[in-house]
file query-v5.txt (compact mmCIF, C-alpha atoms)
# COMPACT_ATOMS: atom_id res chain seq x y z
CA MET X 1 119.40 -71.08 36.48
CA PRO X 2 117.71 -70.27 33.19
CA ASN X 3 114.48 -68.38 33.29
CA THR X 4 111.72 -70.67 32.14
CA GLU X 5 108.78 -68.33 32.68
CA ILE X 6 108.35 -68.31 28.92
CA TYR X 7 109.26 -71.46 27.06
CA ASN X 8 108.63 -73.19 23.77
CA LEU X 9 107.23 -76.63 23.15
CA ARG X 10 107.30 -78.45 19.84
CA VAL X 11 103.99 -80.29 19.50
CA ASN X 12 102.73 -82.05 16.38
CA GLY X 13 105.43 -80.39 14.26
CA LYS X 14 104.57 -76.84 15.38
CA ASN X 15 106.26 -74.50 17.85
CA HIS X 16 104.08 -73.30 20.70
CA GLU X 17 104.97 -70.56 23.16
CA VAL X 18 103.92 -71.16 26.75
CA ARG X 19 103.57 -67.90 28.72
CA ASP X 20 102.62 -66.96 32.25
CA ALA X 21 102.56 -70.59 33.32
CA TRP X 22 103.86 -72.03 36.58
CA VAL X 23 106.84 -74.05 35.38
CA GLY X 24 105.96 -77.06 37.54
CA GLU X 25 102.89 -77.80 35.42
CA SER X 26 102.63 -81.20 33.81
CA LEU X 27 102.79 -81.56 30.05
CA LEU X 28 99.23 -82.88 30.16
CA TYR X 29 97.98 -79.70 31.85
CA VAL X 30 99.87 -77.45 29.43
CA LEU X 31 98.60 -79.35 26.38
CA ARG X 32 94.99 -79.19 27.52
CA GLU X 33 94.72 -75.88 29.32
CA ARG X 34 97.29 -73.69 27.61
CA LEU X 35 97.75 -75.00 24.08
CA GLY X 36 94.15 -75.91 23.30
CA LEU X 37 94.90 -79.60 22.71
CA PRO X 38 92.33 -81.40 24.90
CA GLY X 39 92.62 -84.78 23.13
CA SER X 40 94.96 -86.20 25.78
CA LYS X 41 92.81 -86.99 28.81
CA GLY X 42 93.55 -86.49 32.48
CA ALA X 43 92.18 -89.10 34.87
CA CYS X 44 94.55 -90.42 37.52
CA GLU X 45 97.44 -87.92 37.18
CA GLN X 46 99.77 -90.54 38.64
CA GLY X 47 100.76 -92.62 35.63
CA GLU X 48 98.37 -95.48 36.25
CA CYS X 49 95.63 -95.04 33.65
CA GLY X 50 97.46 -94.14 30.43
CA SER X 51 94.70 -91.85 29.13
CA CYS X 52 97.23 -89.00 28.80
CA THR X 53 99.67 -91.02 26.65
CA VAL X 54 101.65 -89.00 24.10
CA ILE X 55 104.75 -89.74 22.02
CA MET X 56 107.82 -87.86 23.20
CA ASP X 57 111.05 -88.28 21.22
CA GLY X 58 109.72 -91.57 19.84
CA GLN X 59 108.62 -93.03 23.21
CA ALA X 60 105.09 -93.47 24.51
CA VAL X 61 104.98 -91.66 27.86
CA CYS X 62 102.38 -90.44 30.34
CA SER X 63 102.18 -86.68 29.74
CA CYS X 64 100.94 -86.20 33.32
CA LEU X 65 104.37 -87.33 34.55
CA VAL X 66 106.40 -85.01 32.31
CA MET X 67 107.19 -81.57 33.67
CA ALA X 68 106.33 -79.49 30.62
CA ALA X 69 109.14 -77.00 31.11
CA THR X 70 111.68 -79.85 30.93
CA ALA X 71 110.36 -80.93 27.52
CA ILE X 72 111.39 -77.76 25.66
CA ASP X 73 113.73 -79.60 23.31
CA ALA X 74 111.54 -82.65 22.72
CA GLU X 75 109.44 -83.63 19.72
CA ILE X 76 105.96 -84.24 21.11
CA LYS X 77 103.13 -85.92 19.23
CA THR X 78 99.59 -86.02 20.61
CA ILE X 79 96.41 -87.73 19.42
CA GLU X 80 95.60 -84.53 17.49
CA GLY X 81 98.82 -84.86 15.49
CA LEU X 82 98.52 -88.45 14.28
CA THR X 83 96.81 -87.42 11.03
CA PRO X 84 95.84 -84.15 9.33
CA ASP X 85 92.60 -82.59 10.60
CA GLY X 86 89.49 -84.58 9.92
CA GLU X 87 91.25 -87.77 8.81
CA LEU X 88 91.43 -91.01 10.76
CA THR X 89 94.37 -93.37 11.22
CA GLU X 90 93.94 -97.09 10.54
CA VAL X 91 93.80 -97.60 14.31
CA GLN X 92 91.06 -95.00 14.85
CA ASP X 93 89.12 -96.43 11.94
CA ALA X 94 89.43 -99.95 13.36
CA PHE X 95 88.20 -98.76 16.78
CA ILE X 96 85.02 -97.54 15.06
CA THR X 97 84.41 -100.62 12.91
CA GLU X 98 85.13 -103.07 15.77
CA GLY X 99 83.20 -101.10 18.40
CA GLY X 100 86.26 -100.54 20.57
CA VAL X 101 84.83 -97.33 22.01
CA GLN X 102 82.22 -97.06 24.74
CA CYS X 103 82.52 -93.99 26.96
CA GLY X 104 85.61 -92.99 24.96
CA PHE X 105 87.64 -91.48 27.76
CA CYS X 106 90.51 -93.97 27.46
CA THR X 107 90.41 -94.08 23.67
CA PRO X 108 92.93 -91.30 22.80
CA GLY X 109 95.54 -92.83 25.11
CA LEU X 110 94.91 -96.31 23.74
CA VAL X 111 95.09 -95.11 20.14
CA VAL X 112 98.42 -93.37 20.75
CA ALA X 113 99.82 -96.45 22.56
CA ILE X 114 98.68 -98.76 19.74
CA GLU X 115 100.01 -96.44 17.01
CA HIS X 116 103.32 -96.49 18.85
CA LEU X 117 103.26 -100.31 19.02
CA LEU X 118 102.44 -100.74 15.32
CA ASP X 119 105.08 -98.22 14.27
CA ASN X 120 107.68 -100.40 16.00
CA ASN X 121 106.20 -103.85 15.40
CA GLN X 122 104.23 -104.57 12.22
CA SER X 123 102.76 -107.87 13.35
CA PRO X 124 102.56 -108.02 17.14
CA THR X 125 101.58 -111.22 18.94
CA GLU X 126 98.67 -111.23 21.37
CA ILE X 127 101.10 -111.04 24.29
CA GLU X 128 102.89 -108.10 22.72
CA ILE X 129 99.59 -106.27 22.22
CA LYS X 130 98.57 -106.91 25.84
CA GLU X 131 101.96 -105.74 27.02
CA ALA X 132 101.83 -102.58 24.90
CA ILE X 133 98.48 -101.50 26.33
CA SER X 134 99.02 -102.81 29.87
CA GLY X 135 99.40 -99.20 30.98
CA ASN X 136 96.08 -98.08 29.48
CA ILE X 137 93.02 -98.75 31.58
CA CYS X 138 89.57 -99.13 30.00
CA ARG X 139 86.71 -99.69 32.43
CA CYS X 140 83.95 -100.21 29.83
CA THR X 141 84.89 -102.60 27.07
CA GLY X 142 86.67 -105.47 28.80
CA TYR X 143 89.32 -105.03 26.07
CA GLY X 144 87.96 -107.75 23.73
CA ARG X 145 86.89 -105.32 21.04
CA ILE X 146 90.03 -103.27 21.52
CA PHE X 147 92.15 -106.36 20.74
CA GLU X 148 90.00 -106.97 17.68
CA ALA X 149 90.54 -103.36 16.62
CA VAL X 150 94.30 -103.85 16.87
CA GLN X 151 94.12 -106.98 14.69
CA THR X 152 92.02 -105.11 12.14
CA ALA X 153 94.46 -102.19 12.10
CA VAL X 154 97.37 -104.60 11.64
CA ALA X 155 95.58 -106.18 8.65
CA THR X 156 94.71 -102.78 7.14
CA ARG X 157 98.26 -101.57 7.50
CA ARG X 158 99.60 -104.79 5.97
CA ALA X 159 97.27 -104.51 2.98
CA ALA X 160 98.39 -100.91 2.45
CA ARG X 161 102.06 -101.90 2.21
CA MET L 1 110.49 -71.43 40.31
CA THR L 2 113.28 -72.21 37.86
CA VAL L 3 114.02 -75.29 35.80
CA ALA L 4 117.55 -76.10 34.67
CA ILE L 5 118.03 -78.58 31.85
CA PRO L 6 121.76 -79.36 31.73
CA GLN L 7 123.01 -81.05 28.55
CA THR L 8 126.15 -82.57 30.07
CA LEU L 9 127.13 -84.08 33.42
CA ARG L 10 129.54 -81.19 33.99
CA GLU L 11 126.74 -78.69 33.56
CA ALA L 12 124.46 -80.74 35.82
CA LEU L 13 127.09 -80.82 38.59
CA ALA L 14 127.65 -77.07 38.22
CA PHE L 15 123.91 -76.46 38.64
CA SER L 16 123.63 -78.75 41.66
CA SER L 17 126.66 -77.20 43.36
CA ALA L 18 125.32 -73.69 42.73
CA ASN L 19 121.93 -74.67 44.13
CA PRO L 20 122.49 -77.63 46.48
CA ASN L 21 118.86 -77.81 47.59
CA ALA L 22 117.36 -77.85 44.10
CA GLN L 23 114.92 -80.69 43.44
CA ILE L 24 116.39 -83.26 41.06
CA ILE L 25 114.02 -84.72 38.46
CA GLN L 26 115.02 -87.84 36.51
CA GLY L 27 112.10 -89.61 34.79
CA GLY L 28 109.52 -87.70 36.83
CA THR L 29 107.37 -90.75 37.59
CA ASP L 30 107.55 -90.17 41.37
CA LEU L 31 108.06 -86.41 41.62
CA MET L 32 105.32 -85.39 39.19
CA VAL L 33 102.75 -87.40 41.14
CA GLU L 34 103.63 -85.38 44.25
CA ILE L 35 103.46 -82.13 42.29
CA ASN L 36 100.17 -83.04 40.57
CA PHE L 37 98.60 -83.71 43.95
CA ASN L 38 100.05 -80.55 45.54
CA HIS L 39 102.10 -82.56 48.00
CA ARG L 40 105.24 -80.80 46.92
CA LYS L 41 105.95 -77.45 45.31
CA PRO L 42 109.65 -77.21 44.46
CA THR L 43 111.22 -73.81 43.90
CA ASP L 44 114.19 -74.88 41.78
CA VAL L 45 114.41 -78.01 39.67
CA ILE L 46 117.31 -79.64 37.84
CA ALA L 47 116.11 -82.00 35.11
CA LEU L 48 118.58 -84.73 34.14
CA ARG L 49 116.77 -86.10 31.09
CA ARG L 50 119.33 -84.64 28.63
CA VAL L 51 122.45 -85.86 30.45
CA GLU L 52 123.50 -88.67 28.11
CA GLU L 53 126.57 -89.64 30.20
CA ILE L 54 124.31 -91.19 32.86
CA ARG L 55 121.90 -92.88 30.45
CA ASN L 56 124.13 -95.80 29.43
CA TYR L 57 126.23 -98.61 30.93
CA ALA L 58 129.82 -99.82 30.72
CA TYR L 59 132.05 -102.66 31.95
CA THR L 60 134.76 -101.94 34.50
CA ALA L 61 138.35 -102.28 33.22
CA ASP L 62 138.67 -105.88 34.49
CA LYS L 63 135.22 -106.80 33.10
CA SER L 64 134.13 -108.19 36.47
CA LYS L 65 131.48 -105.52 37.03
CA VAL L 66 129.09 -103.31 35.11
CA ILE L 67 128.51 -99.62 35.81
CA VAL L 68 124.87 -98.79 35.12
CA GLY L 69 124.06 -95.11 34.63
CA ALA L 70 121.54 -93.67 37.07
CA GLY L 71 119.39 -92.38 34.21
CA LEU L 72 119.25 -95.54 32.07
CA PRO L 73 115.51 -96.16 31.58
CA TYR L 74 114.10 -99.49 32.81
CA GLN L 75 112.99 -100.17 29.25
CA LYS L 76 116.68 -100.67 28.30
CA MET L 77 117.17 -103.33 30.99
CA GLU L 78 114.31 -105.60 29.98
CA HIS L 79 116.18 -107.12 27.03
CA GLY L 80 119.73 -107.29 25.67
CA GLU L 81 123.09 -107.39 27.39
CA ILE L 82 121.99 -106.00 30.78
CA ALA L 83 119.18 -108.56 30.91
CA GLU L 84 121.61 -111.40 30.13
CA LEU L 85 124.14 -110.28 32.74
CA PHE L 86 121.57 -109.44 35.44
CA PRO L 87 118.39 -111.46 34.90
CA ALA L 88 117.01 -110.36 38.28
CA LEU L 89 117.38 -106.72 37.27
CA ALA L 90 115.61 -107.42 33.97
CA GLN L 91 112.77 -109.13 35.83
CA ALA L 92 112.47 -106.25 38.29
CA ALA L 93 112.57 -103.72 35.44
CA ARG L 94 109.82 -105.64 33.68
CA THR L 95 107.52 -105.29 36.70
CA VAL L 96 107.90 -101.51 36.94
CA GLY L 97 104.60 -99.81 36.03
CA SER L 98 103.73 -99.93 32.34
CA PRO L 99 105.71 -99.42 29.09
CA GLN L 100 105.06 -95.68 29.49
CA ILE L 101 106.58 -95.70 32.99
CA ARG L 102 109.51 -97.91 31.96
CA ALA L 103 110.39 -95.46 29.18
CA ALA L 104 110.90 -92.79 31.85
CA GLY L 105 111.82 -94.48 35.16
CA SER L 106 115.39 -95.32 36.16
CA ILE L 107 117.57 -96.72 38.96
CA GLY L 108 118.69 -93.19 39.85
CA GLY L 109 115.08 -92.20 40.44
CA ASN L 110 114.39 -95.36 42.48
CA LEU L 111 117.42 -94.60 44.70
CA GLY L 112 116.56 -90.91 44.91
CA THR L 113 113.00 -91.60 46.05
CA CYS L 114 114.18 -94.56 48.17
CA SER L 115 110.71 -96.00 48.67
CA PRO L 116 110.85 -99.47 50.27
CA ALA L 117 108.67 -100.60 47.35
CA GLY L 118 111.16 -99.40 44.69
CA ASP L 119 111.33 -102.36 42.32
CA ALA L 120 115.04 -102.26 41.49
CA LEU L 121 116.19 -101.78 45.07
CA PRO L 122 116.04 -105.42 46.31
CA VAL L 123 118.15 -106.37 43.28
CA LEU L 124 120.75 -103.72 44.08
CA SER L 125 120.81 -104.97 47.68
CA ALA L 126 121.14 -108.67 46.80
CA LEU L 127 123.97 -107.84 44.37
CA ASN L 128 125.77 -105.60 46.91
CA ALA L 129 125.72 -102.67 44.50
CA GLU L 130 127.94 -99.64 45.00
CA VAL L 131 126.36 -96.24 44.43
CA ASN L 132 128.46 -93.44 42.94
CA LEU L 133 127.61 -89.86 43.90
CA ARG L 134 129.32 -86.72 42.67
CA THR L 135 129.50 -83.02 43.29
CA GLU L 136 131.31 -80.49 41.16
CA THR L 137 134.50 -81.13 43.11
CA GLY L 138 134.22 -84.64 44.51
CA SER L 139 133.13 -88.23 43.95
CA ARG L 140 132.34 -90.96 46.45
CA ASP L 141 131.22 -94.57 46.34
CA ILE L 142 128.93 -95.96 49.00
CA SER L 143 127.45 -99.42 49.49
CA VAL L 144 123.75 -99.48 48.62
CA HIS L 145 123.16 -100.94 52.12
CA ASP L 146 124.51 -97.74 53.69
CA PHE L 147 122.90 -95.47 51.11
CA MET L 148 119.32 -96.57 51.84
CA ILE L 149 118.52 -95.26 55.33
CA GLY L 150 114.76 -95.47 55.76
CA VAL L 151 111.36 -94.77 54.26
CA LYS L 152 112.11 -92.30 51.44
CA ARG L 153 115.40 -91.41 53.13
CA ASN L 154 118.85 -91.87 51.69
CA ASP L 155 122.40 -90.68 52.24
CA ARG L 156 122.49 -88.20 49.34
CA LYS L 157 123.97 -84.92 50.56
CA PRO L 158 122.86 -81.50 49.29
CA GLY L 159 124.54 -80.76 45.97
CA GLU L 160 125.28 -84.41 45.19
CA LEU L 161 123.95 -86.21 42.14
CA ILE L 162 123.45 -89.97 41.92
CA ILE L 163 125.60 -90.94 38.94
CA SER L 164 125.62 -94.73 38.67
CA VAL L 165 125.47 -98.10 40.39
CA THR L 166 128.20 -100.71 39.99
CA LEU L 167 126.99 -104.32 39.87
CA PRO L 168 129.27 -107.38 40.10
CA ILE L 169 128.78 -110.07 37.43
CA ILE L 170 127.96 -113.25 39.34
CA GLN L 171 128.40 -116.85 38.18
CA GLY L 172 125.27 -118.60 39.35
CA TRP L 173 121.57 -117.87 39.46
CA GLN L 174 119.52 -114.78 40.20
CA GLY L 175 115.84 -113.99 40.15
CA TYR L 176 113.23 -111.48 41.28
CA ALA L 177 109.59 -111.98 42.20
CA LYS L 178 106.91 -109.63 43.39
CA VAL L 179 103.33 -109.68 44.62
CA GLY L 180 100.87 -106.94 43.76
CA VAL L 181 97.12 -106.68 43.45
CA ARG L 182 97.23 -107.52 39.76
CA ASN L 183 99.68 -108.48 37.05
CA ALA L 184 100.43 -105.17 35.37
CA MET L 185 100.86 -101.60 36.60
CA VAL L 186 101.27 -102.33 40.22
CA ILE L 187 103.24 -101.11 43.21
CA SER L 188 104.78 -103.96 45.23
CA VAL L 189 102.93 -105.42 48.18
CA ALA L 190 106.04 -107.54 48.76
CA SER L 191 109.07 -108.36 46.62
CA CYS L 192 112.12 -110.59 46.82
CA CYS L 193 115.43 -110.92 45.02
CA LEU L 194 117.53 -114.06 45.42
CA VAL L 195 121.08 -114.45 44.10
CA VAL L 196 123.14 -117.65 44.31
CA ASP L 197 126.88 -117.24 43.79
CA ARG L 198 127.96 -120.74 42.75
CA LYS L 199 131.63 -119.86 42.80
CA LEU L 200 131.63 -118.64 46.40
CA GLY L 201 128.87 -121.01 47.50
CA ALA L 202 126.89 -118.07 48.90
CA ILE L 203 123.32 -116.88 48.68
CA SER L 204 121.83 -113.43 49.15
CA VAL L 205 118.18 -112.63 49.71
CA ALA L 206 116.74 -109.10 49.76
CA LEU L 207 113.15 -108.10 50.48
CA GLY L 208 111.19 -105.05 49.32
CA ALA L 209 108.07 -103.37 50.73
CA VAL L 210 108.24 -105.29 54.04
CA GLY L 211 110.18 -102.80 56.15
CA PRO L 212 111.24 -99.15 56.30
CA THR L 213 113.79 -99.87 53.59
CA ILE L 214 115.12 -102.93 51.74
CA ILE L 215 115.93 -105.82 54.10
CA ARG L 216 118.83 -108.22 53.60
CA CYS L 217 118.15 -111.58 55.26
CA ARG L 218 121.71 -112.20 56.41
CA GLU L 219 120.91 -114.69 59.18
CA THR L 220 118.92 -116.92 56.82
CA GLU L 221 121.61 -116.60 54.15
CA GLN L 222 124.28 -117.88 56.55
CA TRP L 223 122.02 -120.60 57.89
CA LEU L 224 121.19 -121.94 54.42
CA ALA L 225 124.89 -122.09 53.49
CA THR L 226 125.38 -124.55 56.36
CA GLN L 227 122.43 -126.70 55.21
CA ILE L 228 123.03 -127.21 51.49
CA ASP L 229 125.94 -127.05 49.07
CA LEU L 230 125.36 -123.79 47.22
CA LYS L 231 128.21 -124.50 44.80
CA SER L 232 126.11 -127.02 42.90
CA ILE L 233 122.50 -127.32 41.83
CA SER L 234 120.74 -129.73 44.15
CA ALA L 235 117.09 -130.17 45.02
CA VAL L 236 116.12 -128.60 48.35
CA ALA L 237 114.31 -130.98 50.72
CA PRO L 238 110.71 -129.94 51.53
CA ASN L 239 111.32 -129.48 55.27
CA LEU L 240 114.36 -127.32 54.53
CA LEU L 241 112.39 -125.26 52.05
CA LYS L 242 109.65 -124.73 54.63
CA GLU L 243 112.11 -123.59 57.26
CA PHE L 244 113.85 -121.31 54.74
CA GLY L 245 110.60 -119.45 54.05
CA GLU L 246 109.80 -119.19 57.77
CA ARG L 247 113.22 -117.76 58.54
CA ILE L 248 112.92 -115.22 55.69
CA ALA L 249 109.49 -114.16 56.98
CA ASN L 250 110.95 -113.72 60.46
CA GLU L 251 113.56 -111.33 59.13
CA SER L 252 110.93 -109.14 57.46
CA LYS L 253 109.41 -106.19 59.34
CA PRO L 254 106.15 -105.48 57.54
CA ILE L 255 103.34 -103.15 58.57
CA ASP L 256 99.63 -102.89 57.81
CA ASP L 257 98.92 -100.13 55.30
CA HIS L 258 96.55 -99.23 52.45
CA ARG L 259 98.19 -101.80 50.16
CA SER L 260 98.19 -104.88 52.39
CA THR L 261 98.52 -106.29 55.88
CA ALA L 262 101.65 -107.26 57.77
CA ALA L 263 100.41 -110.86 58.08
CA TYR L 264 99.89 -111.23 54.34
CA ARG L 265 103.25 -109.65 53.57
CA ARG L 266 105.00 -112.09 55.91
CA HIS L 267 103.25 -114.96 54.13
CA ALA L 268 104.12 -113.47 50.73
CA VAL L 269 107.86 -113.16 51.34
CA ALA L 270 107.99 -116.74 52.64
CA THR L 271 106.30 -117.97 49.46
CA LEU L 272 108.29 -115.74 47.08
CA SER L 273 111.64 -116.68 48.60
CA ARG L 274 110.80 -120.42 48.54
CA ARG L 275 109.71 -120.13 44.93
CA LEU L 276 112.94 -118.39 43.93
CA LEU L 277 115.06 -120.95 45.81
CA VAL L 278 113.32 -123.78 43.96
CA ARG L 279 113.91 -122.00 40.64
CA ALA L 280 117.57 -121.49 41.53
CA ASN L 281 117.92 -125.21 42.13
CA THR L 282 116.10 -126.42 39.04
CA LYS L 283 118.09 -127.09 35.91

call {"tool": "encode", "arguments": {"input": "query-v5.txt", "output": "structure tokens"}}
result
Amino acid sequence: MPNTEIYNLRVNGKNHEVRDAWVGESLLYVLRERLGLPGSKGACEQGECGSCTVIMDGQAVCSCLVMAATAIDAEIKTIEGLTPDGELTEVQDAFITEGGVQCGFCTPGLVVAIEHLLDNNQSPTEIEIKEAISGNICRCTGYGRIFEAVQTAVATRRAAR
Amino acid sequence: MTVAIPQTLREALAFSSANPNAQIIQGGTDLMVEINFNHRKPTDVIALRRVEEIRNYAYTADKSKVIVGAGLPYQKMEHGEIAELFPALAQAARTVGSPQIRAAGSIGGNLGTCSPAGDALPVLSALNAEVNLRTETGSRDISVHDFMIGVKRNDRKPGELIISVTLPIIQGWQGYAKVGVRNAMVISVASCCLVVDRKLGAISVALGAVGPTIIRCRETEQWLATQIDLKSISAVAPNLLKEFGERIANESKPIDDHRSTAAYRRHAVATLSRRLLVRANTK
């Protein structure tokens, strides 16, 4: 069996070396505790809340359910990698203007899930939006303003085309 | 601890033969929960996510069956050809977790974990699926009924990998229904798959989450075949429908646990099975 005590992860277009880590650690743990990328949040650690959502090889996945050492050949994108430092995506901007953020804990996961939706579907229906974020739990907003933020982001993206 | 990431099935089988007790990880949606909560600490892991040969599907030579790779993500069964051939499988796939979970989870993982609440398992049972397992030197096919032994117990031997399931294409109707505490992101409280083979005039009903493993309601299946003509679509009389649900409930073996009570589960499978039978007999 290959030695995976030291392994490389490709996150947000950069190679990162993971050293001295137990290889059973989840991708979420490695991102936050070893690579200094705390944007992805850890809440349930069982795939039910979606706050750890990242894009792996083009799919939105729960990073808490990925064994980091098995992702050595994957292209991983986290909330930190959606735009260059200091800039906001249309989705993040829409969350601010529509008031889609209260405590903010679920927001990174929701933003990644919605970015993933809009990258694959330029004008989602209400059902498609609900479906796309059905795995992201928000306990503050009641989702109304989050849906409005998605509609605003869709409109902004459309205008930019 | 070591992690092997084979790129081909051959490599995967070599790893599993060399280390027969290694923990297999497919999508990780079950195993990582156990690891995150310190319920399990594997020493050696074989990750199958790069083995493309088990992440697709193919028809058998005579086109009567489809071989579904153990690693095909549920996401790929929700729409397209698989969904058209096996609507019940598409419906079950659609109820698995969330889009994030369906991008990772697979039939191989469901069979490997063998939880009675595994969403695809009642469908495999109702369709009489055959499971293919391989080692570096051998291959065997086993009926899914014999493969699933009990709560999180299956017939996989050390060193074997679950490769695929073979599903017969059936002329008729099939559907899946499930009860959980809410609409999305939920583990089954009770589930049911019903398949009507119009050509043979036969029905099969399988229940999930109401016994130590998936339950096939063979007595009710045989009884119903004597009551109505399953070769054609005909409305089921209300008294017959009532008795059908009662008989299904009697074949279930539910328990009280943190998700529900035995009494509710018995009620739920009666209702779900009646509902599916009505759908099967509605044009």

call {"tool": "residues_around", "arguments": {"input": "query-v5.txt", "residues": "Asn19 (chain L)", "least_positions_apart": "4", "cutoff": "10 Å", "atoms": "only C-alpha atoms", "output": "ChimeraX atom specification"}}
result
/X:1 /L:13-15,23,44-46,158-159

call {"tool": "atom_distance", "arguments": {"input": "query-v5.txt", "atom1": "CA of Val18 (chain X)", "atom2": "CA of Ile6 (chain X)"}}
result
5.7 Å

call {"tool": "atom_distance", "arguments": {"input": "query-v5.txt", "atom1": "CA of Ala120 (chain L)", "atom2": "CA of Arg50 (chain L)"}}
result
22.2 Å

call {"tool": "residues_around", "arguments": {"input": "query-v5.txt", "residues": "Glu148 (chain X)", "least_positions_apart": "3", "cutoff": "12 Å", "atoms": "all atoms listed in the file", "output": "PyMOL selection string"}}
result
chain X and resi 91+94-101+126+129-130+141-145+151-155

call {"tool": "atom_distance", "arguments": {"input": "query-v5.txt", "atom1": "CA of Glu52 (chain L)", "atom2": "CA of Thr135 (chain L)"}}
result
17.3 Å

call {"tool": "interface_residues", "arguments": {"input": "query-v5.txt", "of": "chain L", "to": "chain X", "cutoff": "7 Å", "atoms": "all atoms listed in the file", "output": "PDB file with C-alpha atoms, in the frame of the given file"}}
result
ATOM      1  CA  MET L   1     110.490 -71.430  40.310  1.00  0.00           C
ATOM      2  CA  THR L   2     113.280 -72.210  37.860  1.00  0.00           C
ATOM      3  CA  VAL L   3     114.020 -75.290  35.800  1.00  0.00           C
ATOM      4  CA  ALA L   4     117.550 -76.100  34.670  1.00  0.00           C
ATOM      5  CA  ILE L   5     118.030 -78.580  31.850  1.00  0.00           C
ATOM      6  CA  GLY L  28     109.520 -87.700  36.830  1.00  0.00           C
ATOM      7  CA  THR L  29     107.370 -90.750  37.590  1.00  0.00           C
ATOM      8  CA  MET L  32     105.320 -85.390  39.190  1.00  0.00           C
ATOM      9  CA  VAL L  33     102.750 -87.400  41.140  1.00  0.00           C
ATOM     10  CA  ASN L  36     100.170 -83.040  40.570  1.00  0.00           C
ATOM     11  CA  ALA L  47     116.110 -82.000  35.110  1.00  0.00           C
ATOM     12  CA  SER L  98     103.730 -99.930  32.340  1.00  0.00           C
ATOM     13  CA  PRO L  99     105.710 -99.420  29.090  1.00  0.00           C
ATOM     14  CA  GLN L 100     105.060 -95.680  29.490  1.00  0.00           C
ATOM     15  CA  ILE L 101     106.580 -95.700  32.990  1.00  0.00           C
ATOM     16  CA  ALA L 103     110.390 -95.460  29.180  1.00  0.00           C
ATOM     17  CA  ALA L 184     100.430-105.170  35.370  1.00  0.00           C
ATOM     18  CA  MET L 185     100.860-101.600  36.600  1.00  0.00           C
TER      19      MET L 185
END

call {"tool": "closest_residue", "arguments": {"input": "query-v5.txt", "among": "L:Ala83, L:Ala104, L:Pro238, L:Ala270", "to": "Ile25 (chain L)", "atoms": "only C-alpha atoms"}}
result
L:Ala104

call {"tool": "residues_around", "arguments": {"input": "query-v5.txt", "residues": "Ala235 (chain L)", "least_positions_apart": "6", "cutoff": "9 Å", "atoms": "only C-alpha atoms", "output": "list of chain:residue names"}}
result
L:Val278, L:Asn281, L:Thr282

call {"tool": "residues_around", "arguments": {"input": "query-v5.txt", "residues": "region 170-176 of chain L", "least_positions_apart": "6", "cutoff": "10 Å", "atoms": "all atoms listed in the file", "output": "VMD selection string"}}
result
chain L and resid 64 to 65 85 to 93 95 119 to 120 122 to 123 126 to 127 191 to 207 230 to 233 272 to 273 275 to 277 279 to 281

call {"tool": "residues_around", "arguments": {"input": "query-v5.txt", "residues": "Val111 (chain X)", "least_positions_apart": "3", "cutoff": "10 Å", "atoms": "only C-alpha atoms", "output": "PDB file with C-alpha atoms, in the coordinates of the input"}}
result
ATOM      1  CA  SER X  51      94.700 -91.850  29.130  1.00  0.00           C
ATOM      2  CA  THR X  53      99.670 -91.020  26.650  1.00  0.00           C
ATOM      3  CA  VAL X  54     101.650 -89.000  24.100  1.00  0.00           C
ATOM      4  CA  ILE X  79      96.410 -87.730  19.420  1.00  0.00           C
ATOM      5  CA  LEU X  82      98.520 -88.450  14.280  1.00  0.00           C
ATOM      6  CA  THR X  89      94.370 -93.370  11.220  1.00  0.00           C
ATOM      7  CA  GLU X  90      93.940 -97.090  10.540  1.00  0.00           C
ATOM      8  CA  VAL X  91      93.800 -97.600  14.310  1.00  0.00           C
ATOM      9  CA  GLN X  92      91.060 -95.000  14.850  1.00  0.00           C
ATOM     10  CA  PHE X  95      88.200 -98.760  16.780  1.00  0.00           C
ATOM     11  CA  CYS X 106      90.510 -93.970  27.460  1.00  0.00           C
ATOM     12  CA  THR X 107      90.410 -94.080  23.670  1.00  0.00           C
ATOM     13  CA  PRO X 108      92.930 -91.300  22.800  1.00  0.00           C
ATOM     14  CA  ILE X 114      98.680 -98.760  19.740  1.00  0.00           C
ATOM     15  CA  GLU X 115     100.010 -96.440  17.010  1.00  0.00           C
ATOM     16  CA  HIS X 116     103.320 -96.490  18.850  1.00  0.00           C
ATOM     17  CA  LEU X 117     103.260-100.310  19.020  1.00  0.00           C
ATOM     18  CA  ILE X 133      98.480-101.500  26.330  1.00  0.00           C
ATOM     19  CA  ASN X 136      96.080 -98.080  29.480  1.00  0.00           C
ATOM     20  CA  ILE X 146      90.030-103.270  21.520  1.00  0.00           C
ATOM     21  CA  VAL X 150      94.300-103.850  16.870  1.00  0.00           C
TER      22      VAL X 150
END
